[in-house]
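The file entry_6.cif comes next; it holds mmCIF, C-alpha atoms.
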data_target
loop_
_atom_site.label_atom_id
_atom_site.label_comp_id
_atom_site.auth_asym_id
_atom_site.auth_seq_id
_atom_site.Cartn_x
_atom_site.Cartn_y
_atom_site.Cartn_z
CA MET O 1 0.00 0.00 0.00
CA ASP O 2 1.16 3.54 -0.74
CA THR O 3 0.93 5.00 2.77
CA SER O 4 1.56 8.56 1.65
CA LEU O 5 -1.17 8.67 -1.02
CA ALA O 6 -3.69 6.86 1.18
CA PHE O 7 -2.99 9.46 3.88
CA LEU O 8 -3.34 12.31 1.37
CA GLY O 9 -6.70 10.80 0.31
CA LEU O 10 -7.85 10.93 3.93
CA VAL O 11 -6.90 14.64 4.15
CA GLU O 12 -9.24 15.23 1.20
CA ALA O 13 -12.04 13.07 2.63
CA ARG O 14 -11.81 14.33 6.22
CA PRO O 15 -9.87 17.61 6.61
CA GLY O 16 -8.54 17.96 10.17
CA HIS O 17 -5.47 18.20 12.35
CA GLY O 18 -2.62 15.71 12.43
CA TYR O 19 -3.83 13.71 15.41
CA GLU O 20 -7.32 13.26 13.95
CA LEU O 21 -5.87 12.22 10.61
CA LYS O 22 -3.58 9.70 12.28
CA GLN O 23 -6.52 8.24 14.20
CA LEU O 24 -8.51 8.00 11.00
CA TYR O 25 -5.63 6.34 9.16
CA ASP O 26 -5.08 3.77 11.93
CA GLU O 27 -8.79 2.99 12.03
CA HIS O 28 -8.99 2.36 8.27
CA PHE O 29 -5.56 1.00 7.36
CA GLY O 30 -3.43 0.62 10.49
CA GLY O 31 -4.25 -2.94 11.54
CA ALA O 32 -1.30 -4.09 13.59
CA ARG O 33 0.92 -1.26 12.25
CA PRO O 34 -0.35 2.19 13.32
CA LEU O 35 1.35 5.32 11.93
CA ALA O 36 4.05 6.93 14.05
CA TYR O 37 3.39 10.58 14.97
CA GLY O 38 6.72 11.59 13.42
CA GLN O 39 5.67 10.04 10.13
CA VAL O 40 2.32 11.88 10.21
CA TYR O 41 3.85 15.31 10.72
CA ALA O 42 6.65 14.64 8.20
CA MET O 43 4.05 13.72 5.55
CA LEU O 44 1.92 16.79 6.29
CA ALA O 45 4.98 19.08 6.13
CA ARG O 46 6.00 17.54 2.80
CA PHE O 47 2.45 17.83 1.38
CA ALA O 48 2.37 21.54 2.44
CA ARG O 49 5.80 22.20 0.90
CA ASP O 50 4.63 20.62 -2.41
CA ASP O 51 1.35 22.62 -2.37
CA LEU O 52 -0.75 19.48 -2.04
CA VAL O 53 -2.36 20.61 1.26
CA GLU O 54 -2.56 23.89 3.17
CA MET O 55 -2.81 24.78 6.82
CA VAL O 56 -6.09 26.58 7.44
CA GLY O 57 -5.82 27.46 11.10
CA VAL O 58 -4.72 26.40 14.53
CA GLU O 59 -7.10 24.93 17.06
CA ASP O 60 -6.27 25.96 20.63
CA GLY O 61 -6.54 23.40 23.35
CA SER O 62 -5.10 22.43 26.68
CA GLY O 63 -2.29 20.49 24.99
CA PRO O 64 -0.06 21.51 22.09
CA SER O 65 -1.67 23.66 19.36
CA ARG O 66 -3.31 21.67 16.58
CA LYS O 67 -2.75 22.72 12.98
CA GLN O 68 -5.73 22.11 10.71
CA TYR O 69 -5.06 20.89 7.16
CA ARG O 70 -7.14 20.65 3.99
CA ILE O 71 -6.42 19.48 0.47
CA LEU O 72 -5.43 21.81 -2.42
CA PRO O 73 -6.28 21.28 -6.14
CA ASP O 74 -2.86 19.69 -6.87
CA GLY O 75 -3.34 17.31 -3.95
CA ARG O 76 -6.81 16.35 -5.14
CA LYS O 77 -5.38 15.75 -8.64
CA ARG O 78 -2.63 13.52 -7.18
CA VAL O 79 -5.19 11.42 -5.28
CA ILE O 80 -7.46 10.99 -8.31
CA GLU O 81 -4.49 9.99 -10.51
CA TRP O 82 -3.52 7.40 -7.90
CA LEU O 83 -7.09 5.99 -7.80
CA LYS O 84 -6.98 5.55 -11.57
CA THR O 85 -3.75 3.55 -11.58
CA THR O 86 -4.31 -0.23 -11.63
CA ASP O 87 -2.64 -2.82 -9.41
CA ALA O 88 -2.47 -5.91 -11.61
CA ASP O 89 0.70 -7.85 -10.81
CA ALA O 90 1.90 -10.34 -13.44
CA SER O 91 5.28 -10.96 -11.85
CA VAL O 92 6.26 -14.58 -11.19
CA SER O 93 7.51 -15.36 -7.71
CA ARG O 94 9.54 -18.35 -6.58
CA THR O 95 8.27 -18.74 -3.03
CA ASN O 96 9.96 -20.54 -0.16
CA LEU O 97 7.55 -23.44 -0.67
CA PHE O 98 8.41 -23.53 -4.38
CA ALA O 99 12.09 -23.91 -3.44
CA LYS O 100 11.27 -26.64 -0.90
CA VAL O 101 9.38 -28.65 -3.52
CA VAL O 102 12.25 -28.42 -6.02
CA ILE O 103 14.92 -29.32 -3.43
CA ALA O 104 12.79 -32.17 -2.03
CA LEU O 105 12.42 -33.57 -5.56
CA LEU O 106 16.18 -33.30 -6.18
CA LEU O 107 16.90 -35.05 -2.86
CA ASP O 108 14.25 -37.70 -3.56
CA GLU O 109 12.46 -36.77 -0.32
CA ASP O 110 8.74 -37.52 0.19
CA VAL O 111 7.25 -34.43 -1.51
CA THR O 112 3.65 -35.53 -0.95
CA ARG O 113 4.22 -35.63 2.79
CA ILE O 114 5.77 -32.15 2.69
CA LEU O 115 2.85 -30.78 0.64
CA ASN O 116 0.29 -32.41 2.96
CA ALA O 117 1.90 -30.84 6.02
CA GLN O 118 1.94 -27.43 4.31
CA ARG O 119 -1.70 -27.78 3.24
CA SER O 120 -2.74 -28.66 6.78
CA ALA O 121 -0.82 -25.68 8.23
CA LEU O 122 -2.36 -23.32 5.66
CA LEU O 123 -5.85 -24.63 6.48
CA ASN O 124 -5.18 -23.95 10.16
CA ALA O 125 -4.21 -20.40 9.23
CA MET O 126 -7.49 -20.08 7.31
CA ARG O 127 -9.39 -21.38 10.36
CA GLN O 128 -7.88 -18.67 12.54
CA LEU O 129 -8.62 -15.96 9.96
CA THR O 130 -12.19 -17.23 9.50
CA ARG O 131 -12.78 -17.21 13.23
CA ALA O 132 -11.34 -13.69 13.64
CA LYS O 133 -13.39 -12.46 10.68
CA GLN O 134 -16.69 -13.60 12.19
CA ASN O 135 -16.58 -10.96 14.95
CA ALA O 136 -14.78 -8.22 13.03
CA ALA O 137 -15.86 -4.75 11.83
CA LEU O 138 -16.68 -4.55 8.12
CA LEU O 139 -13.41 -2.91 7.03
CA ASP O 140 -11.48 -5.60 8.89
CA VAL O 141 -13.69 -8.26 7.25
CA LEU O 142 -12.55 -6.89 3.89
CA ALA O 143 -8.91 -7.19 4.96
CA TYR O 144 -9.52 -10.75 6.27
CA ASP O 145 -11.15 -11.65 2.92
CA HIS O 146 -7.92 -10.71 1.17
CA ALA O 147 -5.76 -12.65 3.63
CA LEU O 148 -8.02 -15.72 3.32
CA LEU O 149 -7.96 -15.67 -0.48
CA ARG O 150 -4.17 -15.39 -0.53
CA VAL O 151 -3.83 -18.43 1.72
CA GLU O 152 -6.41 -20.25 -0.38
CA ALA O 153 -4.33 -19.49 -3.49
CA ASP O 154 -1.34 -21.18 -1.80
CA ILE O 155 -3.48 -24.25 -1.04
CA ARG O 156 -4.65 -24.40 -4.65
CA TRP O 157 -1.04 -24.12 -5.78
CA ILE O 158 -0.21 -27.13 -3.57
CA ASP O 159 -3.04 -29.08 -5.24
CA MET O 160 -1.60 -28.18 -8.67
CA ALA O 161 1.94 -29.08 -7.63
CA GLU O 162 0.71 -32.44 -6.33
CA ALA O 163 -1.13 -33.10 -9.60
CA ARG O 164 2.08 -32.35 -11.52
CA LEU O 165 4.36 -34.43 -9.27
CA THR O 166 4.87 -37.35 -11.65
CA ASN O 167 5.87 -35.03 -14.50
CA LEU O 168 8.05 -32.94 -12.19
CA LYS O 169 9.91 -36.05 -11.02
CA GLU O 170 10.59 -37.04 -14.62
CA THR O 171 11.77 -33.53 -15.51
CA LEU O 172 14.17 -33.31 -12.56
CA ALA O 173 15.39 -36.91 -12.72
CA MET Y 1 6.74 -19.90 13.30
CA THR Y 2 3.28 -19.03 14.63
CA GLN Y 3 1.93 -21.19 17.44
CA LEU Y 4 -1.52 -22.25 16.28
CA GLU Y 5 -4.26 -22.30 18.88
CA HIS Y 6 -6.53 -25.33 19.22
CA ILE Y 7 -9.90 -24.71 17.57
CA GLY Y 8 -12.92 -26.87 18.31
CA PRO Y 9 -14.34 -29.02 21.08
CA PRO Y 10 -12.22 -30.28 23.97
CA ARG Y 11 -9.96 -33.14 22.92
CA VAL Y 12 -11.48 -35.32 25.64
CA ALA Y 13 -14.90 -35.52 23.91
CA PRO Y 14 -15.79 -39.16 23.28
CA ALA Y 15 -15.69 -40.72 19.79
CA LEU Y 16 -19.12 -40.67 18.12
CA ILE Y 17 -18.31 -42.06 14.66
CA THR Y 18 -15.80 -44.85 14.24
CA ALA Y 19 -15.01 -46.42 10.87
CA ARG Y 20 -12.47 -49.21 10.51
CA GLY Y 21 -10.99 -50.77 7.40
CA LEU Y 22 -13.51 -49.38 4.91
CA GLU Y 23 -13.15 -50.80 1.41
CA LYS Y 24 -15.51 -49.93 -1.42
CA HIS Y 25 -15.47 -50.65 -5.15
CA HIS Y 26 -17.65 -48.95 -7.75
CA GLY Y 27 -17.26 -51.33 -10.69
CA GLN Y 28 -13.55 -51.30 -11.57
CA THR Y 29 -12.90 -48.24 -9.40
CA HIS Y 30 -11.39 -48.87 -5.97
CA ALA Y 31 -13.11 -45.92 -4.25
CA LEU Y 32 -12.03 -46.60 -0.64
CA ARG Y 33 -8.85 -48.46 0.29
CA GLY Y 34 -8.87 -49.40 3.96
CA VAL Y 35 -10.05 -46.11 5.47
CA ASP Y 36 -10.01 -45.62 9.27
CA VAL Y 37 -11.80 -42.57 10.68
CA THR Y 38 -12.72 -41.42 14.17
CA ILE Y 39 -14.91 -38.33 14.74
CA ARG Y 40 -15.65 -37.07 18.24
CA GLN Y 41 -18.94 -35.88 19.71
CA GLY Y 42 -19.54 -32.23 18.76
CA GLU Y 43 -16.68 -32.04 16.27
CA ILE Y 44 -16.95 -30.21 12.95
CA VAL Y 45 -14.90 -32.15 10.42
CA ALA Y 46 -14.25 -31.34 6.76
CA VAL Y 47 -13.66 -34.27 4.40
CA MET Y 48 -11.49 -32.87 1.60
CA GLY Y 49 -9.93 -34.15 -1.57
CA PRO Y 50 -9.89 -33.73 -5.33
CA SER Y 51 -12.71 -34.92 -7.60
CA GLY Y 52 -12.94 -38.69 -7.63
CA SER Y 53 -10.81 -39.07 -4.49
CA GLY Y 54 -13.53 -41.01 -2.65
CA LYS Y 55 -14.73 -38.27 -0.30
CA SER Y 56 -18.43 -38.60 -1.20
CA THR Y 57 -18.18 -42.40 -1.03
CA LEU Y 58 -16.69 -42.07 2.46
CA LEU Y 59 -19.56 -39.77 3.54
CA HIS Y 60 -22.14 -42.20 2.14
CA CYS Y 61 -20.53 -45.09 4.00
CA LEU Y 62 -20.33 -43.13 7.28
CA ALA Y 63 -24.00 -42.13 6.92
CA GLY Y 64 -25.20 -45.64 6.05
CA VAL Y 65 -26.44 -44.55 2.62
CA ILE Y 66 -24.32 -47.32 1.11
CA THR Y 67 -22.57 -50.25 2.75
CA PRO Y 68 -18.83 -50.79 2.40
CA ASP Y 69 -17.58 -54.03 0.78
CA THR Y 70 -15.62 -54.67 3.96
CA GLY Y 71 -15.05 -52.80 7.19
CA GLU Y 72 -17.47 -51.41 9.76
CA VAL Y 73 -19.02 -48.10 10.80
CA THR Y 74 -20.29 -47.38 14.30
CA ILE Y 75 -22.27 -44.28 15.26
CA GLY Y 76 -22.79 -44.02 19.01
CA ASP Y 77 -23.82 -47.50 20.16
CA THR Y 78 -25.10 -48.59 16.76
CA ARG Y 79 -22.97 -50.64 14.37
CA ILE Y 80 -24.71 -49.52 11.20
CA SER Y 81 -22.89 -51.99 9.00
CA ASP Y 82 -24.82 -54.73 10.86
CA LEU Y 83 -28.26 -53.21 10.18
CA SER Y 84 -30.65 -54.37 7.49
CA GLU Y 85 -31.53 -51.91 4.74
CA ASP Y 86 -34.86 -51.03 6.46
CA GLN Y 87 -33.14 -50.58 9.82
CA ARG Y 88 -30.49 -48.33 8.22
CA SER Y 89 -33.22 -46.31 6.56
CA LEU Y 90 -34.99 -45.78 9.89
CA PHE Y 91 -31.68 -44.96 11.59
CA ARG Y 92 -30.90 -42.28 8.97
CA LEU Y 93 -34.39 -40.82 9.30
CA THR Y 94 -34.37 -40.58 13.08
CA ARG Y 95 -30.70 -40.12 14.04
CA LEU Y 96 -28.99 -38.41 11.11
CA GLY Y 97 -29.47 -35.18 9.15
CA PHE Y 98 -28.44 -34.38 5.58
CA VAL Y 99 -27.76 -31.21 3.58
CA PHE Y 100 -26.81 -31.51 -0.07
CA GLN Y 101 -25.79 -29.17 -2.84
CA PHE Y 102 -28.59 -29.37 -5.40
CA GLY Y 103 -32.25 -30.27 -5.80
CA GLN Y 104 -32.80 -31.30 -2.24
CA LEU Y 105 -36.10 -29.55 -1.49
CA LEU Y 106 -39.23 -31.17 -2.86
CA PRO Y 107 -40.49 -28.53 -5.31
CA GLU Y 108 -44.20 -29.15 -4.76
CA LEU Y 109 -43.97 -28.77 -0.96
CA SER Y 110 -43.86 -25.47 0.96
CA ALA Y 111 -40.83 -24.59 3.08
CA GLU Y 112 -42.62 -25.69 6.27
CA ASP Y 113 -43.66 -29.06 4.81
CA ASN Y 114 -40.16 -29.66 3.47
CA VAL Y 115 -38.75 -29.09 6.96
CA ALA Y 116 -41.47 -31.13 8.69
CA LEU Y 117 -41.07 -34.07 6.30
CA PRO Y 118 -38.41 -36.09 8.19
CA LEU Y 119 -40.53 -35.91 11.35
CA MET Y 120 -43.71 -36.95 9.55
CA LEU Y 121 -41.91 -39.84 7.84
CA GLY Y 122 -40.80 -40.92 11.32
CA GLY Y 123 -44.44 -41.00 12.51
CA THR Y 124 -44.92 -37.51 14.05
CA ARG Y 125 -48.35 -35.95 13.36
CA ARG Y 126 -48.27 -33.04 10.90
CA ALA Y 127 -49.50 -30.37 13.35
CA ARG Y 128 -46.81 -31.26 15.84
CA ALA Y 129 -44.13 -31.55 13.15
CA LEU Y 130 -45.05 -28.09 11.82
CA VAL Y 131 -44.55 -26.53 15.26
CA GLN Y 132 -40.96 -27.80 15.26
CA ALA Y 133 -40.49 -26.81 11.61
CA HIS Y 134 -41.64 -23.24 12.37
CA SER Y 135 -39.28 -23.06 15.32
CA TRP Y 136 -36.29 -24.00 13.12
CA LEU Y 137 -37.32 -21.73 10.27
CA GLU Y 138 -37.57 -18.80 12.70
CA ARG Y 139 -34.21 -19.67 14.27
CA LEU Y 140 -32.58 -19.63 10.84
CA GLY Y 141 -34.05 -16.22 9.94
CA LEU Y 142 -36.88 -17.50 7.72
CA ALA Y 143 -39.95 -16.41 9.72
CA GLY Y 144 -42.70 -15.38 7.31
CA MET Y 145 -41.49 -17.71 4.56
CA GLU Y 146 -43.14 -20.89 5.87
CA ARG Y 147 -45.68 -21.16 3.05
CA ARG Y 148 -43.33 -20.36 0.18
CA LEU Y 149 -42.48 -22.96 -2.41
CA PRO Y 150 -38.78 -23.64 -3.12
CA SER Y 151 -39.15 -21.80 -6.46
CA GLU Y 152 -40.13 -18.67 -4.49
CA LEU Y 153 -36.95 -18.70 -2.38
CA SER Y 154 -33.46 -17.34 -3.15
CA GLY Y 155 -30.55 -19.80 -3.24
CA GLY Y 156 -29.44 -18.85 0.26
CA GLN Y 157 -32.97 -19.09 1.67
CA ALA Y 158 -33.50 -22.50 0.05
CA GLN Y 159 -30.24 -23.74 1.56
CA ARG Y 160 -31.30 -22.53 5.02
CA VAL Y 161 -34.63 -24.37 4.60
CA ALA Y 162 -32.59 -27.47 3.72
CA LEU Y 163 -30.50 -26.87 6.83
CA ALA Y 164 -33.65 -26.60 8.97
CA ARG Y 165 -34.83 -29.90 7.47
CA GLY Y 166 -31.48 -31.49 8.29
CA LEU Y 167 -31.71 -30.34 11.92
CA VAL Y 168 -35.42 -30.78 12.70
CA ASN Y 169 -35.07 -34.30 14.08
CA ALA Y 170 -32.21 -33.23 16.41
CA PRO Y 171 -29.73 -35.56 14.66
CA ALA Y 172 -26.69 -37.05 16.34
CA VAL Y 173 -24.74 -36.21 13.18
CA LEU Y 174 -25.43 -33.74 10.37
CA PHE Y 175 -23.82 -34.72 7.05
CA ALA Y 176 -23.33 -31.93 4.49
CA ASP Y 177 -22.12 -32.65 0.94
CA GLU Y 178 -20.76 -29.49 -0.75
CA PRO Y 179 -23.39 -27.44 1.13
CA THR Y 180 -22.43 -24.13 -0.55
CA GLY Y 181 -21.54 -25.46 -4.00
CA SER Y 182 -24.35 -23.68 -5.83
CA LEU Y 183 -24.19 -20.37 -3.93
CA ASP Y 184 -22.35 -17.10 -4.55
CA SER Y 185 -19.46 -16.24 -2.19
CA LEU Y 186 -21.33 -13.97 0.23
CA THR Y 187 -24.37 -16.25 0.48
CA ALA Y 188 -22.05 -19.23 0.96
CA GLU Y 189 -20.33 -17.40 3.82
CA ARG Y 190 -23.66 -16.71 5.56
CA VAL Y 191 -24.80 -20.32 5.11
CA MET Y 192 -21.51 -21.63 6.56
CA GLU Y 193 -21.72 -19.24 9.53
CA THR Y 194 -25.29 -20.36 10.23
CA LEU Y 195 -24.46 -24.04 9.76
CA THR Y 196 -21.47 -24.00 12.11
CA ASP Y 197 -23.10 -21.68 14.69
CA VAL Y 198 -26.10 -24.02 14.97
CA ALA Y 199 -23.88 -27.12 15.09
CA ARG Y 200 -21.76 -25.63 17.89
CA SER Y 201 -24.70 -24.30 19.94
CA THR Y 202 -26.56 -27.63 19.73
CA ARG Y 203 -23.35 -29.71 20.04
CA THR Y 204 -24.31 -31.52 16.85
CA THR Y 205 -21.46 -33.39 15.17
CA LEU Y 206 -21.04 -32.04 11.66
CA VAL Y 207 -19.30 -33.80 8.76
CA ILE Y 208 -18.85 -31.62 5.68
CA VAL Y 209 -17.60 -32.92 2.33
CA THR Y 210 -16.01 -30.10 0.37
CA HIS Y 211 -13.25 -29.34 -2.12
CA ASP Y 212 -13.35 -25.68 -1.03
CA ALA Y 213 -10.74 -24.56 1.53
CA ARG Y 214 -12.89 -21.56 2.53
CA VAL Y 215 -15.67 -23.97 3.56
CA ALA Y 216 -13.19 -26.30 5.30
CA ALA Y 217 -11.88 -23.30 7.27
CA TYR Y 218 -15.10 -23.40 9.33
CA SER Y 219 -14.23 -26.90 10.58
CA ASP Y 220 -12.23 -28.00 13.63
CA ARG Y 221 -10.04 -30.26 11.49
CA GLU Y 222 -9.91 -31.90 8.09
CA ILE Y 223 -9.69 -35.43 6.82
CA PHE Y 224 -7.87 -35.34 3.48
CA ILE Y 225 -8.52 -38.23 1.12
CA ARG Y 226 -6.72 -39.03 -2.12
CA ASP Y 227 -7.16 -42.11 -4.35
CA GLY Y 228 -9.36 -43.71 -1.69
CA SER Y 229 -6.85 -43.37 1.15
CA VAL Y 230 -6.76 -40.90 4.04
CA THR Y 231 -3.56 -38.85 3.95
CA SER Y 232 -4.10 -36.63 6.98
CA PRO Y 233 -4.23 -38.01 10.52
CA ALA Y 234 -7.85 -39.13 10.91
CA LEU Y 235 -7.02 -40.68 14.26
CA GLU Y 236 -5.60 -38.35 16.84
CA SER Y 237 -3.45 -39.59 19.64
CA ALA Y 238 -5.93 -38.25 22.23
CA VAL Y 239 -8.76 -40.41 20.88
#

As structure tokens, please, write out the structure in this file.
Amino acid sequence: MDTSLAFLGLVEARPGHGYELKQLYDEHFGGARPLAYGQVYAMLARFARDDLVEMVGVEDGSGPSRKQYRILPDGRKRVIEWLKTTDADASVSRTNLFAKVVIALLLDEDVTRILNAQRSALLNAMRQLTRAKQNAALLDVLAYDHALLRVEADIRWIDMAEARLTNLKETLA
Amino acid sequence: MTQLEHIGPPRVAPALITARGLEKHHGQTHALRGVDVTIRQGEIVAVMGPSGSGKSTLLHCLAGVITPDTGEVTIGDTRISDLSEDQRSLFRLTRLGFVFQFGQLLPELSAEDNVALPLMLGGTRRARALVQAHSWLERLGLAGMERRLPSELSGGQAQRVALARGLVNAPAVLFADEPTGSLDSLTAERVMETLTDVARSTRTTLVIVTHDARVAAYSDREIFIRDGSVTSPALESAV
């Protein structure tokens, strides 16, 4: 995820001061990794320098003064351009499990047993995600959906690898 | 490495279904090759495997729909492989519940009559059977739909009616064969949540045959079958 552009999008959607924007970011995107305050104020300073946002006032309070920010036309343009970019990834990755299958075949180890153990572990991961998802807020459900489908893709890859085992053994013999 | 928590009923729950040495041929096909399975009271178990692996044959043997060539199946105190065909039929009607993928509701019967049917076939009077049917339909969010025909229900509603029918006789075991196979993803998710919530709250043992990992993720554990043999540990050391 592009943290900076997602944050800029929030400034457009909900103009406010740094603390509010950080809270909003953490609520929508933070998950287990909330934004650091230093990162929030560095991004806002950079956006202001590049004329993407402007400071519109300072809210007085008992604590430190709170600078209010809102988006500028260039900032809005940057966000819309980002929304229009697509995220299709056609790169081919050799995962750790891919390497294990190849090495196990070369060593004449029991690949089926290795794949079965991996499948079982991945299903357990899906069980935990499914259980967590059942009591989650809707935005978190959406994030769990993605995590579940990624694990499922790994399980389906294991099924394909197992179906190709005979041919793979011949190729690597 | 993440330490995985235990999901499901306590490991001390007693075995409810025990199958030993199941062999089954369909013509030239050796569908089951010496399968041993133990399923505990209150467990939710997914039977997984590729097409033609023998998973539906295993479910049919466990549920007494077909008899294995050799081997035995015990559910509770009943050795169903010893029962006559009529006795097995009565056992299925009174002790077991079933949910299937397609065409399971009788199209000419209303939702309430579809649900009440297993009770009426077991000798319960219609008025009394309908009271229980209404109770299950309401519990599964279908109040007001009692008189609708299957053709007047959405896919998800029809599957919940089928679930109510599977549960109406308070079965010891509910068998589900690809219970979400004909549903879209969101409807399938709701059906699986309902199915597993009801099974857990009523402590009904649930055996689900599926090729879908997202469905299996609702289970406590899986039994993986390939070429008629179980490849995951169907017997746990605690049993």

message = Translate the PyMOL selection byres ((chain Y) within 7 of (chain O)) into a concrete residue list for this structure, as a list of chain:residue names.
response = Y:Ala213, Y:Ala217, Y:Tyr218

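Every protein or nucleic acid residue with an atom no more than 12 Å from Val111 of chain O, counting only C-alpha atoms and leaving out same-chain residues fewer than 3 positions away, appears here: Leu97, Phe98, Ala99, Lys100, Val101, Val102, Ile103, Ala104, Leu105, Leu106, Leu107, Asp108, Ile114, Leu115, Asn116, Ala117, Gln118, Ile158, Ala161, Glu162, Ala163, Arg164, Leu165, Thr166, Leu168 and Lys169 of chain O.
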
request  = For the structure provided, state which residues fall under the PyMOL selection byres ((chain Y and resi 204) around 12), and present them as a PyMOL selection string.
outcome  = chain Y and resi 9+16+39-45+95-97+166-175+195-203+205-207

Produce the centre coordinates and the three edge lengths, each in Å to one decimal, of the box along x, y and z that contains all listed atoms of segment 114-125 of chain O with 3 Å added on each side, as AutoDock Vina command-line options.
--center_x 0.0 --center_y -26.4 --center_z 5.4 --size_x 17.6 --size_y 18.0 --size_z 15.5

ask   = Expanded to explicit residues, what is the PyMOL selection byres ((chain Y and resi 99-101) around 10) for this file, as a list in words?
value = Gly97, Phe98, Phe102, Gly103, Gln104, Leu105, Gln159, Arg160, Val161, Ala162, Leu163, Ala164, Arg165, Gly166, Leu167, Leu174, Phe175, Ala176, Asp177, Glu178, Pro179, Thr180, Gly181, Ser182, Leu183, Ile208 and Val209 of chain Y

request  = Can you pull out every residue within 6 Å of segment 71-81 of chain Y, counting all atoms listed in the file, but drop anything in the same chain fewer than 6 positions away, and send it as a list of chain:residue names?
outcome  =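 Once the nearby chain positions are removed, what remains is Y:Leu16, Y:Ile17, Y:Thr18, Y:Ala19, Y:Arg20, Y:Gly21, Y:Leu22.
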
Contacts of segment 14-29 of chain O within 6 Å, all atoms listed in the file, excl. fewer than 4 positions in-chain, as a PyMOL selection string = chain O and resi 10+34+66-70

key: Computed interatomic separation between atom CA of Val215 of chain Y and atom CA of Leu119 of chain Y (Å)   = 28.7 Å

task = Work out how far apart atom CA of Thr57 of chain Y and atom CA of His26 of chain Y are and give it in Å to one decimal.
result = 9.4 Å

request  = List the neighbours of Pro107 of chain Y out to 10 Å using only C-alpha atoms; skip same-chain residues closer than 2 positions along the sequence, and give me the result as a count of residues only.
outcome  = 11

query = From the list Y:Ala188, Y:Val47, Y:Met145, Y:Val230, which residue is nearest Val35 of chain Y when using only C-alpha atoms?
reply =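 Of all the options, Y:Val230 lies closest to Val35 of chain Y.
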
ask   = In Å, how far is it from atom CA of Ala36 of chain O to atom CA of Gly9 of chain O?
value =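 Interatomic distance here is 17.9 Å.
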
query = From the list O:Leu8, O:Val58, O:Leu139, O:Val92, which residue is nearest Asp74 of chain O when using only C-alpha atoms?
reply =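 Under the stated criterion, the closest residue is O:Leu8.
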
Segment 125-128 of chain Y surroundings by all atoms listed in the file, 10 Å radius, close-in-sequence under 6 positions cut, as a count of residues only = 4
